[in-house]
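To keep things clear, I will list the structure first and then write my remarks on it.
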Amino acid sequence: MLKSNFQTQTIVYTKKIDNELFTPFSLEGVELIETNQKELEQIGTFQTNNSVLAVATTKPNDPVDVGNELILALDDVRDPGNLGTIIRIADWYGIKKVICSAETADFYNPKVINATMGSFTRVEAFYTNLHEFLKKTDLPIYGALLEGENIYNQELSQKGILVMGNESHGIGREMKSLITHPLNIPRRGGAESLNVSIATAVILDNFFR
């Protein structure tokens, strides 16, 4: 948090954390409060927390600039754990921007924040009418579809938008009509489907192969 451009308001910590660890960072306007483990567990969302908790200001839902880069678009990804994992995967592959439909899980849901393992501080999210957003772009639009082309046979550009769909229903019908490059991960075994976050990782890896 202290390395990011989030505005940290308060840091609550126990004696297990030496407050000298905070000194390399600018603490202007940050309140430091020492407490005990029991109180820290009561004010946080984890069942166990014996070290530190930070309170920061959430960012407004500002539009992101879309340049000649690869970004993610999420169509109704509702599970907070999946969203958090996708943000972490995006960060791993250097994806800085994620465009979310209005029905996608809340970026600041505690389960999302936990699953990102800190990646939420490096990846921007923008919630909007995804269909209208995609209609306005000139970038190639990739989408994960069962009827898509074998991803291992495709030439993939690192400039475009990759759309990932809902956990149960995939990409919505309205969104499908906008996809210019449908992609499919060929199945080798008997599993019915892939988790959306796992599928995101597999597809992104192919963009950078």
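Every chain in the structure tokens takes a letter, A first, then B, and so on in the order presented; its residues are numbered from 1, and the ligands are numbered from 1 following the presented order.
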For Ala115 of chain A: contacts at 12 Å, only C-alpha atoms, fewer than 6 positions along chain excluded, given as a list in words:
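Result of the neighbour search: Asp79, Pro80, Gly81, Asn82, Leu83, Gly84, Thr85, Ile86, Ile87, Arg88, Ile89, Phe107, Tyr108, Asn109 and Ser197 of chain A.
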DSSP strand (DSSP E or B) residues within segment 5-192 of chain A, listed as a PyMOL selection string
chain A and resi 8-13+31-34+52-56+70-74+97-101+124-128+141-150+160-164+166+170+181-184
Which residues, written as a PDB file with N, CA and C atoms, in the first residue's frame, have at least one atom at most 7 Å from segment 32-38 of chain A, with only C-alpha atoms counted and residues fewer than 6 positions away on the same chain left out?
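Resulting contents of out.pdb:
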```
ATOM      1  N   THR A  10      -4.490   5.108   7.663  1.00  0.00           N
ATOM      2  CA  THR A  10      -4.150   4.582   8.984  1.00  0.00           C
ATOM      3  C   THR A  10      -3.453   3.241   8.843  1.00  0.00           C
ATOM      4  N   ILE A  11      -2.475   2.994   9.704  1.00  0.00           N
ATOM      5  CA  ILE A  11      -1.849   1.678   9.819  1.00  0.00           C
ATOM      6  C   ILE A  11      -1.990   1.231  11.272  1.00  0.00           C
ATOM      7  N   VAL A  12      -2.613   0.066  11.450  1.00  0.00           N
ATOM      8  CA  VAL A  12      -2.776  -0.526  12.781  1.00  0.00           C
ATOM      9  C   VAL A  12      -1.895  -1.761  12.829  1.00  0.00           C
ATOM     10  N   TYR A  13      -1.055  -1.867  13.855  1.00  0.00           N
ATOM     11  CA  TYR A  13      -0.092  -2.959  13.883  1.00  0.00           C
ATOM     12  C   TYR A  13       0.097  -3.468  15.312  1.00  0.00           C
ATOM     13  N   THR A  14       0.623  -4.672  15.420  1.00  0.00           N
ATOM     14  CA  THR A  14       0.938  -5.252  16.726  1.00  0.00           C
ATOM     15  C   THR A  14       2.447  -5.202  16.944  1.00  0.00           C
ATOM     16  N   ASN A  49      -5.250 -12.542  12.344  1.00  0.00           N
ATOM     17  CA  ASN A  49      -4.362 -11.505  11.828  1.00  0.00           C
ATOM     18  C   ASN A  49      -3.501 -11.035  12.989  1.00  0.00           C
ATOM     19  N   ASN A  50      -2.208 -11.350  12.950  1.00  0.00           N
ATOM     20  CA  ASN A  50      -1.346 -11.045  14.093  1.00  0.00           C
ATOM     21  C   ASN A  50      -0.281 -10.014  13.764  1.00  0.00           C
TER      22      ASN A  50
END
```
Please return, as a ChimeraX atom specification, all residues of segment 79-188 of chain A that DSSP assigns to helix (DSSP H, G or I) on the basis of the backbone.
/A:80-92,110-116,119-121,130-135,151-153,173-176
Output C-alpha atoms for every residue in the selection just made, as a JSON list (two decimals), in the first residue's frame.
```
[["chain", "number", "residue", "atom", "x", "y", "z"],
["A", 80, "PRO", "CA", -14.92, -12.25, -5.83],
["A", 81, "GLY", "CA", -12.26, -14.95, -5.60],
["A", 82, "ASN", "CA", -12.17, -15.30, -9.37],
["A", 83, "LEU", "CA", -11.95, -11.55, -9.88],
["A", 84, "GLY", "CA", -9.12, -11.23, -7.36],
["A", 85, "THR", "CA", -7.20, -14.09, -8.96],
["A", 86, "ILE", "CA", -7.69, -12.59, -12.44],
["A", 87, "ILE", "CA", -6.29, -9.27, -11.22],
["A", 88, "ARG", "CA", -3.28, -11.09, -9.78],
["A", 89, "ILE", "CA", -2.78, -12.97, -13.07],
["A", 90, "ALA", "CA", -3.10, -9.71, -15.02],
["A", 91, "ASP", "CA", -0.39, -8.19, -12.83],
["A", 92, "TRP", "CA", 1.87, -11.20, -13.44],
["A", 110, "PRO", "CA", -12.55, -7.89, 0.83],
["A", 111, "LYS", "CA", -12.37, -11.31, -0.85],
["A", 112, "VAL", "CA", -11.21, -9.67, -4.08],
["A", 113, "ILE", "CA", -8.54, -7.65, -2.30],
["A", 114, "ASN", "CA", -7.33, -10.76, -0.44],
["A", 115, "ALA", "CA", -7.14, -12.86, -3.61],
["A", 116, "THR", "CA", -5.09, -10.24, -5.47],
["A", 119, "SER", "CA", -1.87, -6.77, -7.20],
["A", 120, "PHE", "CA", -4.90, -4.47, -6.82],
["A", 121, "THR", "CA", -2.41, -1.64, -6.16],
["A", 130, "LEU", "CA", -19.03, -3.11, -21.47],
["A", 131, "HIS", "CA", -20.97, -3.48, -24.72],
["A", 132, "GLU", "CA", -20.86, 0.26, -25.40],
["A", 133, "PHE", "CA", -17.18, 0.38, -24.46],
["A", 134, "LEU", "CA", -16.25, -2.40, -26.88],
["A", 135, "LYS", "CA", -18.31, -0.86, -29.70],
["A", 151, "ILE", "CA", -5.63, -20.77, -29.50],
["A", 152, "TYR", "CA", -2.43, -22.71, -30.19],
["A", 153, "ASN", "CA", -2.82, -22.12, -33.93],
["A", 173, "ARG", "CA", -24.78, -13.00, -26.55],
["A", 174, "GLU", "CA", -24.65, -9.23, -27.01],
["A", 175, "MET", "CA", -20.91, -9.20, -26.36],
["A", 176, "LYS", "CA", -20.21, -12.17, -28.65]]
```
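Within 8 Å of segment 69-75 of chain A, once only C-alpha atoms are used and residues closer than 5 positions along the same chain are dropped, the contacting residues are Ala90, Ile95, Lys96, Lys97, Val98, Ile99, Cys100, Ser101, Glu103, Thr104, Leu130, Gln158, Lys159, Gly160, Ile161, Leu162, Val163, Met164, Gly165, Asn166, Ile171 and Gly172 of chain A.
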Report, in Å with one decimal, the straight-line distance from atom CA of Leu156 of chain A to atom CA of Thr200 of chain A.
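These two atoms are separated by 14.4 Å.
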Counting only C-alpha atoms, which of A:Gln9, A:Gln47, A:Lys3, A:Arg209 gets nearest to Gly29 of chain A?
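Among the listed residues, the smallest separation from Gly29 of chain A belongs to A:Gln9.
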Nearest to Gly94 of chain A among A:Val55, A:Leu146, A:Ala199, A:Leu204, with distances taken over only C-alpha atoms: which residue is it?
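Selected residue with least distance to Gly94 of chain A: A:Leu204.
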Set the distance at 9 Å and use only C-alpha atoms: which residues neighbour Met1 of chain A once local chain neighbours fewer than 5 positions away are removed? I'd like the list as a count of residues only.
7
Looking at only C-alpha atoms, which of A:Lys16, A:Leu139, A:Glu41, A:Val123 is the one that sits closest to Gly67 of chain A?
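Among A:Lys16, A:Leu139, A:Glu41, A:Val123, it is A:Leu139 that comes nearest to Gly67 of chain A.
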Among the residues A:Asn195, A:Thr48, A:Thr137, A:Ser26, the one that comes closest to Gly170 of chain A [using only C-alpha atoms]:
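Of all the options, A:Asn195 lies closest to Gly170 of chain A.
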